[in-house]
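Trainee: Here's a structure for you.
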Amino acid sequence: MTVKSTARARKKASPGVPDSLATGKDAPAELVQLLTPEGERVEHPDYPLTVTPEELRSLYRDLVLVRRFDAEATALQRQGELGLWASLLGQEAAQVGSGRAMREKDYAFPTYREHGVAWCRGVDPLNLLGMFRGVNHGGWDPNEKNFHLYTIVIGSQTLHATGYAMGITKDGADDAVIAYFGDGASSQGDVNEAFTFASVYNAPVVFFCQNNQWAISEPTTTQTRIPLYRRASGFGFPGVRVDGNDVLACLAVTRWALDRARSGSGPVLIEAFTYRMGAHTTSDDPTRYRANEETEAWKAKDPISRLKAHLEREQLADEEFFAAVEAESETLGLRVREGVRSMPDPDATLIFDHVYAEPHALVAEERAEYVAYAESFEGGE
Amino acid sequence: MSKLTMSKAINEGLRACLETDPKTLIMGEDVGKLGGVFRVTDGLQKDFGEDRVIDTPLAESGIVGTAIGLALRGYRPIVEIQFDGFVYPAFDQIVTQLAKMHARALGHVKMPVTIRIPYAGGIGAVEHHSESHEAYFAHTAGLRVVTPSNPDDAYWMLRQSVESDDPVIFLEPKARYWDKAEISSAPELDLHAAKVVRPGTDLTLLAYGPMVKVCLEAAQAAEQDGHRVEVVDLRSLSPVDFATLEASVKRTGRAVVVHEAPVFMGMGAELAARLTERCFYHLEAPVLRVGGYHAPYPPSRVEEQYLPDLDRVLDAVDRALAF
């Protein structure tokens with residue numbers, strides 16, 4: 001169950017740093033894995049996991065539907081229905097595994113790529129598409145599914161997650177929080193400040209870093225000289241590197257970390273070692289900065305095919321099941337397509353709505369000016 | 001209440017907030033045992049505990065960022081930034097997150113966070129301890145920006161800011177921390193109302209925070225020359241109570257804006273533009289501005305020359321009257 005380093009091409013980026021440290025080449029020794037790329041179930045002494053066949057099938061279903069939703073969104077961007085899309089392709093296991101580890105009252109603070117986590121929280125996928133279509137900046141009620149709005153400025157949400165977790169402690173509740181971020185964000189001051197605050201206040205927050213190897217065009221070696229999970233020790237809490245393409249390992253380690261947090265033992269940093277199979281967003285061109293062989297190598301570690309192989313090998317699912325999931329993903333695709341195409345543009349007065357919670361004289365005045373101006377045209381707006 | 005200094009008035013205001021709403025929290029650097037570098041939070045941690053008066057790590061972005069998270073959890077944080085010049089590490093969280101959160105969520109979440117910042121100069125401080133950055137915040141939609149000029153306003157405007165469901169930047173003129181005045185038993189005005197603090201007929205001086213006192217002195221001096229100068233304390237910089245300003249300027253026909261912040265692109269520019277638009281036919285002279293220069297805040301030995309003072313205000317009053 002070796003997970004090979006993908007860092008060969010990036011070796012030159014960190015002269016003088018042992019390759020194993022800079023790139024995670026020592027990953028096999030450090031990486032928590034419960035399901036090999038070939039679909040073989042393995043045990044880890046620290047992270048035992050009991051899953052029923054039903055749960056395994058349900059995880060598989062989530063992975064497939066999330067990937068389908070993502071592919072549909074990419075296609076909708078190509079068709080001009082969305083302005084932009086940030087694909088999660090390749091990161092389904094990290095997101096579904098961690099997302100499914102959460103309890104209902106736990107709270108997730110996502111970046112802009114956590115479509116799989118949103119799915120697990122029960123957020124309507126169409127809600128996620130509003131901001132990419134340009135009809136809002138998010139707009140869903142974060143408290144409905146305890147899934148905060150997407151955050152685009154890199155790393156900012158880790159502080160919100162930490163503050164929220166501090167509030168949980170003050171309330172004496174046993175909920176926990178997950179702060180999602182990426183390898184690029186690990187360089188941000190806010191993320192390091194979040195580590196500090198979470199540590200000194202012993203906040204029940206799990207920092208879930210999806211190290212997908214690339215921050216747009218910059219490899220992880222541009223962000224760090226040690227494996228990211230080791231950053232945690234400097235802040236005084238545990239760090240774990242998990243195979244991010246292994247949904248079972250992500251589930252087990254996140255569940256452990258959340259339980260640890262809710263029992264008052266403070267934060268954990270999880271580095272889900274994964275790979276961004278697609279472009280950073282639909283505006284990006286990865287052929288300019290990374291080798292095709294690298295992407296091909298990661299294809300062999302695909303999160304969905306390994307779970308499928310496992311289900312087949314152990315005879316936990318039959319053709320009928322796989323066909324049913326496929327049919328369900330078709331239905332989801334259709335719903336997403338139709339939902340996006342019929343998503344209405346907002347009235348322009350949305351500009352003035354919700355700038356403040358309470359009346360603000362200037363906003364009221366400018367709104368009135370705009371309305372009068374728009375109405376001055378024949379037929380109004 | 002007996003006469004209180006502005007810093008004690010804010011301290012009493014904070015105490016009242018902590019007493020009346022269990023969701024209020026105070027967060028900041030050295031706000032606990034020390035009581036803050038200006039002693040504004042003196043005694044509060046002792047009386048309300050470390051859970052509600054929280055000494056934070058020295059990371060301003062972290063303070064505001066976690067305050068946002070606490071607000072999302074239902075708390076009402078009152079954040080202290082130790083000095084004006086230290087707010088910039090938190091500027092990103094304030095502008096990109098705090099100010100926009102309510103709109104991004106289409107109103108589903110509220111951000112009742114008050115950020116107290118001792119600001120402006122005149123106390124002989126070192127670099128980064130004397131700045132007036134109100135224009136940055138007033139320019140940012142989603143923030144409310146207020147600044148008291150006296151202890152009574154400081155007490156009541158703080159209470160009103162904390163009660164607001166929007167983020168409020170509460171700018172405390174540190175040169176006025178030691179001014180004393182009576183605190184009234186109820187707030188006289190809405191948080192965002194301006195106030196005519198000295199009536200006059202010949203010219204309106206528009207000021208806020210530390211410059212209100214200077215303008216009142218200037219008005220008094222001008223009276224000896226036979227000029228009856230009105231002084232309006234803006235109190236709120238976002239929103240601005242233009243109705244009160246407009247009424248005053250239409251009455252007097254002349255206006256001079258005074259602030260410590262650099263004149264270029266400062267509050268005065270906005271006030272001059274809007275008042276010109278609203279009062280064009282009543283104006284006998286262009287709206288003049290007195291303020292800081294387009295230079296970094298100077299070393300304290302020359303700050304007197306940088307800050308608007310009685311003479312510079314009177315000089316502008318004379319120019320406006322002579323126009």
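Within each chain, counting starts at residue 1; across the structure tokens, chains are named A, B, ... in the order shown, with ligands numbered 1 upward in that order.
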Counting only C-alpha atoms, give me one row per residue of chain A with an atom at most 10 Å from an atom of chain B, showing the shortest contact pair and its distance in Å to one decimal, sorted by chain then residue number, as a Markdown table.
Mentor:
```
| residue | atom | partner | partner_atom | distance |
| --- | --- | --- | --- | --- |
| A:Phe109 | CA | B:Gly69 | CA | 9.9 |
| A:Met131 | CA | B:Arg104 | CA | 9.5 |
| A:Asn136 | CA | B:Arg104 | CA | 7.2 |
| A:His137 | CA | B:Arg104 | CA | 5.0 |
| A:Gly138 | CA | B:Arg104 | CA | 5.8 |
| A:Gly139 | CA | B:Ala105 | CA | 4.2 |
| A:Trp140 | CA | B:Ala105 | CA | 6.0 |
| A:Asp141 | CA | B:His108 | CA | 5.2 |
| A:Pro142 | CA | B:His108 | CA | 7.5 |
| A:Asn143 | CA | B:His108 | CA | 8.3 |
| A:Glu144 | CA | B:His108 | CA | 9.6 |
| A:His148 | CA | B:Ala105 | CA | 9.2 |
| A:Leu149 | CA | B:Ala105 | CA | 7.2 |
| A:Tyr150 | CA | B:Arg104 | CA | 9.6 |
| A:Thr151 | CA | B:Gln97 | CA | 8.7 |
| A:Ile152 | CA | B:Thr96 | CA | 9.6 |
| A:Val153 | CA | B:Thr96 | CA | 7.8 |
| A:Ser156 | CA | B:Gln93 | CA | 7.2 |
| A:Gln157 | CA | B:Gly65 | CA | 7.9 |
| A:Thr158 | CA | B:Gly65 | CA | 8.3 |
| A:Leu159 | CA | B:Gly65 | CA | 4.9 |
| A:His160 | CA | B:Gly69 | CA | 3.9 |
| A:Ala161 | CA | B:Gly69 | CA | 5.9 |
| A:Thr162 | CA | B:Thr66 | CA | 6.0 |
| A:Gly163 | CA | B:Thr66 | CA | 3.7 |
| A:Tyr164 | CA | B:Gly69 | CA | 4.2 |
| A:Ala165 | CA | B:Gly69 | CA | 7.7 |
| A:Met166 | CA | B:Leu70 | CA | 7.0 |
| A:Gly167 | CA | B:Leu70 | CA | 5.4 |
| A:Ile168 | CA | B:Arg73 | CA | 7.5 |
| A:Thr169 | CA | B:Asp51 | CA | 9.8 |
| A:Lys170 | CA | B:Asp51 | CA | 7.3 |
| A:Asp171 | CA | B:Arg73 | CA | 9.3 |
| A:Gly189 | CA | B:Ser61 | CA | 8.4 |
| A:Asp190 | CA | B:Gly62 | CA | 6.5 |
| A:Val191 | CA | B:Gly62 | CA | 8.9 |
| A:Asn192 | CA | B:Gly62 | CA | 9.0 |
| A:Glu193 | CA | B:Gly62 | CA | 5.5 |
| A:Ala194 | CA | B:Gly62 | CA | 6.5 |
| A:Phe195 | CA | B:Gly62 | CA | 9.7 |
| A:Thr196 | CA | B:Pro57 | CA | 7.7 |
| A:Phe197 | CA | B:Pro57 | CA | 6.9 |
| A:Ala198 | CA | B:Thr66 | CA | 9.6 |
| A:Val200 | CA | B:Pro57 | CA | 8.4 |
| A:Tyr201 | CA | B:Thr56 | CA | 9.3 |
| A:Leu350 | CA | B:Leu106 | CA | 8.9 |
| A:Ile351 | CA | B:Ala103 | CA | 9.0 |
| A:Phe352 | CA | B:Ala103 | CA | 9.0 |
| A:Asp353 | CA | B:Ala103 | CA | 7.2 |
| A:His354 | CA | B:Ala103 | CA | 4.7 |
| A:Val355 | CA | B:Ala103 | CA | 5.2 |
| A:Tyr356 | CA | B:Gly142 | CA | 5.6 |
| A:Ala357 | CA | B:Asp166 | CA | 5.9 |
| A:Glu358 | CA | B:Asp165 | CA | 6.9 |
| A:Pro359 | CA | B:Pro239 | CA | 9.7 |
| A:His360 | CA | B:Pro239 | CA | 6.2 |
| A:Ala361 | CA | B:Pro239 | CA | 6.0 |
| A:Leu362 | CA | B:Pro239 | CA | 6.1 |
| A:Val363 | CA | B:Pro239 | CA | 8.7 |
```
Trainee: Where does DSSP see helix (DSSP H, G or I) in range 167-280 of chain B, if you list the residues as a PyMOL selection string?
Mentor: chain B and resi 174-176+211-224+242-252+267-280
Trainee: Extract, using only C-alpha atoms, all DNA, RNA and protein residues at most 10 Å from Ala273 in chain B, discarding same-chain residues fewer than 4 positions from it, and format them as a list in words.
Mentor: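 Once the nearby chain positions are removed, what remains is Gly268, Ala269, Glu277, Arg278, Pro286 and Val287 of chain B.
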Trainee: Keeping only N, CA, C and O atoms, write the selected residues as a PDB file, in the first residue's frame.
Mentor:
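Saved file selection.pdb follows:
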```pdb
ATOM      1  N   GLY B 268     -13.660  65.044   4.583  1.00  0.00           N
ATOM      2  CA  GLY B 268     -13.973  66.403   4.138  1.00  0.00           C
ATOM      3  C   GLY B 268     -14.308  66.476   2.664  1.00  0.00           C
ATOM      4  O   GLY B 268     -15.155  67.280   2.241  1.00  0.00           O
ATOM      5  N   ALA B 269     -13.655  65.647   1.872  1.00  0.00           N
ATOM      6  CA  ALA B 269     -13.910  65.654   0.433  1.00  0.00           C
ATOM      7  C   ALA B 269     -15.354  65.234   0.162  1.00  0.00           C
ATOM      8  O   ALA B 269     -16.071  65.848  -0.638  1.00  0.00           O
ATOM      9  N   GLU B 277     -23.534  69.951  -3.512  1.00  0.00           N
ATOM     10  CA  GLU B 277     -24.656  69.473  -4.307  1.00  0.00           C
ATOM     11  C   GLU B 277     -25.997  69.893  -3.682  1.00  0.00           C
ATOM     12  O   GLU B 277     -26.910  70.324  -4.366  1.00  0.00           O
ATOM     13  N   ARG B 278     -26.072  69.751  -2.369  1.00  0.00           N
ATOM     14  CA  ARG B 278     -27.349  69.989  -1.696  1.00  0.00           C
ATOM     15  C   ARG B 278     -27.599  71.468  -1.400  1.00  0.00           C
ATOM     16  O   ARG B 278     -28.752  71.884  -1.265  1.00  0.00           O
ATOM     17  N   PRO B 286     -16.870  78.445  -1.287  1.00  0.00           N
ATOM     18  CA  PRO B 286     -16.668  77.001  -1.409  1.00  0.00           C
ATOM     19  C   PRO B 286     -16.482  76.374  -0.024  1.00  0.00           C
ATOM     20  O   PRO B 286     -16.032  77.047   0.903  1.00  0.00           O
ATOM     21  N   VAL B 287     -16.843  75.110   0.077  1.00  0.00           N
ATOM     22  CA  VAL B 287     -16.632  74.406   1.346  1.00  0.00           C
ATOM     23  C   VAL B 287     -15.130  74.183   1.492  1.00  0.00           C
ATOM     24  O   VAL B 287     -14.496  73.584   0.612  1.00  0.00           O
TER      25      VAL B 287
END
```
Trainee: Find the residues near range 102-107 of chain A: any atom within 9 Å, counting only C-alpha atoms, skip ones fewer than 2 places away on the same chain, and give them as a list in words.
Mentor: Ser98, Gly99, Arg100, Phe109, Cys120, Arg121, Asn143, Lys145, Asn146, Phe147, His148, Ala161, Tyr164, Ala165, Asp174, Asp175, Ala176, Val177, Ile178, Ala179, Thr254, Arg255 and Leu258 of chain A
Trainee: Please produce an output containing N, CA and C atoms for each residue in the selection, written as a PDB file, in the first residue's frame.
Mentor:
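Once written, again-v1.pdb looks like this:
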```
ATOM      1  N   SER A  98     -14.700  13.126   5.404  1.00  0.00           N
ATOM      2  CA  SER A  98     -14.737  14.070   6.527  1.00  0.00           C
ATOM      3  C   SER A  98     -16.158  14.570   6.756  1.00  0.00           C
ATOM      4  N   GLY A  99     -16.867  14.814   5.672  1.00  0.00           N
ATOM      5  CA  GLY A  99     -18.234  15.325   5.802  1.00  0.00           C
ATOM      6  C   GLY A  99     -19.144  14.332   6.506  1.00  0.00           C
ATOM      7  N   ARG A 100     -18.976  13.069   6.191  1.00  0.00           N
ATOM      8  CA  ARG A 100     -19.831  12.041   6.807  1.00  0.00           C
ATOM      9  C   ARG A 100     -19.442  11.775   8.265  1.00  0.00           C
ATOM     10  N   PHE A 109     -16.872  24.908   8.013  1.00  0.00           N
ATOM     11  CA  PHE A 109     -16.484  26.176   7.393  1.00  0.00           C
ATOM     12  C   PHE A 109     -15.663  25.855   6.143  1.00  0.00           C
ATOM     13  N   CYS A 120     -22.823  16.199   1.846  1.00  0.00           N
ATOM     14  CA  CYS A 120     -22.985  15.402   3.064  1.00  0.00           C
ATOM     15  C   CYS A 120     -23.791  16.138   4.123  1.00  0.00           C
ATOM     16  N   ARG A 121     -23.676  17.471   4.133  1.00  0.00           N
ATOM     17  CA  ARG A 121     -24.431  18.250   5.115  1.00  0.00           C
ATOM     18  C   ARG A 121     -25.895  18.400   4.699  1.00  0.00           C
ATOM     19  N   ASN A 143     -26.936  28.461   8.926  1.00  0.00           N
ATOM     20  CA  ASN A 143     -27.390  27.744  10.126  1.00  0.00           C
ATOM     21  C   ASN A 143     -28.411  26.652   9.822  1.00  0.00           C
ATOM     22  N   LYS A 145     -28.052  24.079   7.678  1.00  0.00           N
ATOM     23  CA  LYS A 145     -27.371  22.786   7.648  1.00  0.00           C
ATOM     24  C   LYS A 145     -26.018  22.841   8.365  1.00  0.00           C
ATOM     25  N   ASN A 146     -25.805  23.925   9.108  1.00  0.00           N
ATOM     26  CA  ASN A 146     -24.511  24.141   9.767  1.00  0.00           C
ATOM     27  C   ASN A 146     -23.350  24.012   8.767  1.00  0.00           C
ATOM     28  N   PHE A 147     -23.554  24.655   7.647  1.00  0.00           N
ATOM     29  CA  PHE A 147     -22.538  24.704   6.591  1.00  0.00           C
ATOM     30  C   PHE A 147     -22.391  26.172   6.207  1.00  0.00           C
ATOM     31  N   HIS A 148     -21.257  26.751   6.588  1.00  0.00           N
ATOM     32  CA  HIS A 148     -21.066  28.176   6.375  1.00  0.00           C
ATOM     33  C   HIS A 148     -20.947  28.491   4.881  1.00  0.00           C
ATOM     34  N   ALA A 161     -14.074  29.625  11.920  1.00  0.00           N
ATOM     35  CA  ALA A 161     -14.309  28.296  12.486  1.00  0.00           C
ATOM     36  C   ALA A 161     -13.808  28.234  13.929  1.00  0.00           C
ATOM     37  N   TYR A 164     -16.053  30.250  16.168  1.00  0.00           N
ATOM     38  CA  TYR A 164     -17.297  29.498  16.380  1.00  0.00           C
ATOM     39  C   TYR A 164     -17.056  28.395  17.420  1.00  0.00           C
ATOM     40  N   ALA A 165     -15.927  27.735  17.288  1.00  0.00           N
ATOM     41  CA  ALA A 165     -15.590  26.660  18.227  1.00  0.00           C
ATOM     42  C   ALA A 165     -15.376  27.207  19.644  1.00  0.00           C
ATOM     43  N   ASP A 174     -21.294  20.091  23.274  1.00  0.00           N
ATOM     44  CA  ASP A 174     -20.306  19.101  22.837  1.00  0.00           C
ATOM     45  C   ASP A 174     -20.283  18.984  21.306  1.00  0.00           C
ATOM     46  N   ASP A 175     -20.572  20.082  20.631  1.00  0.00           N
ATOM     47  CA  ASP A 175     -20.450  20.113  19.176  1.00  0.00           C
ATOM     48  C   ASP A 175     -18.984  20.336  18.811  1.00  0.00           C
ATOM     49  N   ALA A 176     -18.687  20.123  17.542  1.00  0.00           N
ATOM     50  CA  ALA A 176     -17.331  20.393  17.059  1.00  0.00           C
ATOM     51  C   ALA A 176     -17.413  21.021  15.673  1.00  0.00           C
ATOM     52  N   VAL A 177     -16.292  21.552  15.236  1.00  0.00           N
ATOM     53  CA  VAL A 177     -16.242  22.327  14.003  1.00  0.00           C
ATOM     54  C   VAL A 177     -15.150  21.768  13.102  1.00  0.00           C
ATOM     55  N   ILE A 178     -15.390  21.807  11.796  1.00  0.00           N
ATOM     56  CA  ILE A 178     -14.300  21.521  10.865  1.00  0.00           C
ATOM     57  C   ILE A 178     -14.006  22.772  10.050  1.00  0.00           C
ATOM     58  N   ALA A 179     -12.735  23.154  10.021  1.00  0.00           N
ATOM     59  CA  ALA A 179     -12.274  24.241   9.162  1.00  0.00           C
ATOM     60  C   ALA A 179     -11.557  23.617   7.970  1.00  0.00           C
ATOM     61  N   THR A 254     -11.184  11.616  10.751  1.00  0.00           N
ATOM     62  CA  THR A 254     -11.964  12.813  11.073  1.00  0.00           C
ATOM     63  C   THR A 254     -12.897  12.546  12.247  1.00  0.00           C
ATOM     64  N   ARG A 255     -13.510  11.369  12.254  1.00  0.00           N
ATOM     65  CA  ARG A 255     -14.408  11.017  13.359  1.00  0.00           C
ATOM     66  C   ARG A 255     -13.626  11.026  14.684  1.00  0.00           C
ATOM     67  N   LEU A 258     -12.862  14.697  15.569  1.00  0.00           N
ATOM     68  CA  LEU A 258     -14.052  15.417  16.044  1.00  0.00           C
ATOM     69  C   LEU A 258     -14.422  14.969  17.460  1.00  0.00           C
TER      70      LEU A 258
END
```
Trainee: When you look at Gly122 in chain B with a cut-off of 10 Å (counting only C-alpha atoms), what residues show up, excluding the ones that are within fewer than 6 positions of it in the same chain? I need them as a list in words.
Mentor: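 Listed by chain and then number, they are His129, Ser130, Glu131, Pro173, Lys174, Ala175, Arg176, Pro210, Glu260, Ser300, Glu303, Glu304, Tyr306 and Leu307 of chain B.
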Trainee: Excluding Gly264 in chain A and any residue of its chain fewer than 3 positions from it, enumerate the residues within 7 Å of it, using only C-alpha atoms, and give them as number ranges by chain.
Mentor: A: 204, 260-261
Trainee: In Å, with one decimal, what is the gap from CA of Thr74 in chain A to CA of Arg290 in chain A?
Mentor: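 About the pair CA of Thr74 in chain A and CA of Arg290 in chain A: they are 20.5 Å apart.
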Trainee: I'd like to know which of A:Val242, A:Ala279, A:Leu316, A:Val205 is closest to Gly266 in chain A, using only C-alpha atoms.
Mentor: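 Counting only C-alpha atoms, the residue closest to Gly266 in chain A is A:Val205.
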Trainee: When you draw a straight line from CA of Gly253 in chain B to CA of Ala194 in chain B, how long is it in Å?
Mentor: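 We find that CA of Gly253 in chain B and CA of Ala194 in chain B lie 18.3 Å from each other.
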Trainee: Write out as a ChimeraX atom specification which residues come within 12 Å of Thr349 in chain A when counting only C-alpha atoms, dropping same-chain ones fewer than 4 positions away.
Mentor: /A:345,353-355,363-364,366-374,381
Trainee: Quick one: distance from CA of Thr50 in chain A to CA of Val123 in chain A in Å, one decimal?
Mentor: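 Going from CA of Thr50 in chain A over to CA of Val123 in chain A covers 26.7 Å.
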Trainee: With distances taken over only C-alpha atoms, which residue among A:Asp302, A:Asp259, A:Glu218, A:Glu319 lies nearest Pro286 in chain A?
Mentor: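 Of A:Asp302, A:Asp259, A:Glu218, A:Glu319, the one nearest Pro286 in chain A, counting only C-alpha atoms, is A:Glu218.
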Trainee: Extract the full set of strand (DSSP E) residues from range 16-105 of chain B according to DSSP on the backbone, and format it as an mmCIF file with C-alpha atoms, in the first residue's frame.
Mentor:
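The result, stored in out-v1.cif:
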```
data_model
loop_
_atom_site.group_PDB
_atom_site.id
_atom_site.type_symbol
_atom_site.label_atom_id
_atom_site.label_comp_id
_atom_site.auth_asym_id
_atom_site.auth_seq_id
_atom_site.Cartn_x
_atom_site.Cartn_y
_atom_site.Cartn_z
ATOM 1 C CA THR B 24 -21.563 40.289 25.028
ATOM 2 C CA LEU B 25 -17.830 39.588 25.244
ATOM 3 C CA ILE B 26 -14.769 41.785 25.360
ATOM 4 C CA MET B 27 -11.742 40.634 23.378
ATOM 5 C CA GLY B 28 -8.381 42.222 22.878
ATOM 6 C CA VAL B 53 -13.229 39.584 29.111
ATOM 7 C CA ILE B 54 -10.711 37.746 27.020
ATOM 8 C CA ASP B 55 -7.017 38.442 26.730
ATOM 9 C CA ARG B 76 -21.912 39.875 20.553
ATOM 10 C CA PRO B 77 -18.175 40.555 20.688
ATOM 11 C CA ILE B 78 -16.726 43.949 21.575
ATOM 12 C CA VAL B 79 -13.211 43.992 20.209
ATOM 13 C CA GLU B 80 -10.449 46.322 21.312
#
```
Trainee: B:Asp315, B:Asp225, B:Glu230, B:Asp152: which is nearest Lys3 in chain B, counting only C-alpha atoms?
Mentor: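 Nearest to Lys3 in chain B: B:Asp152.
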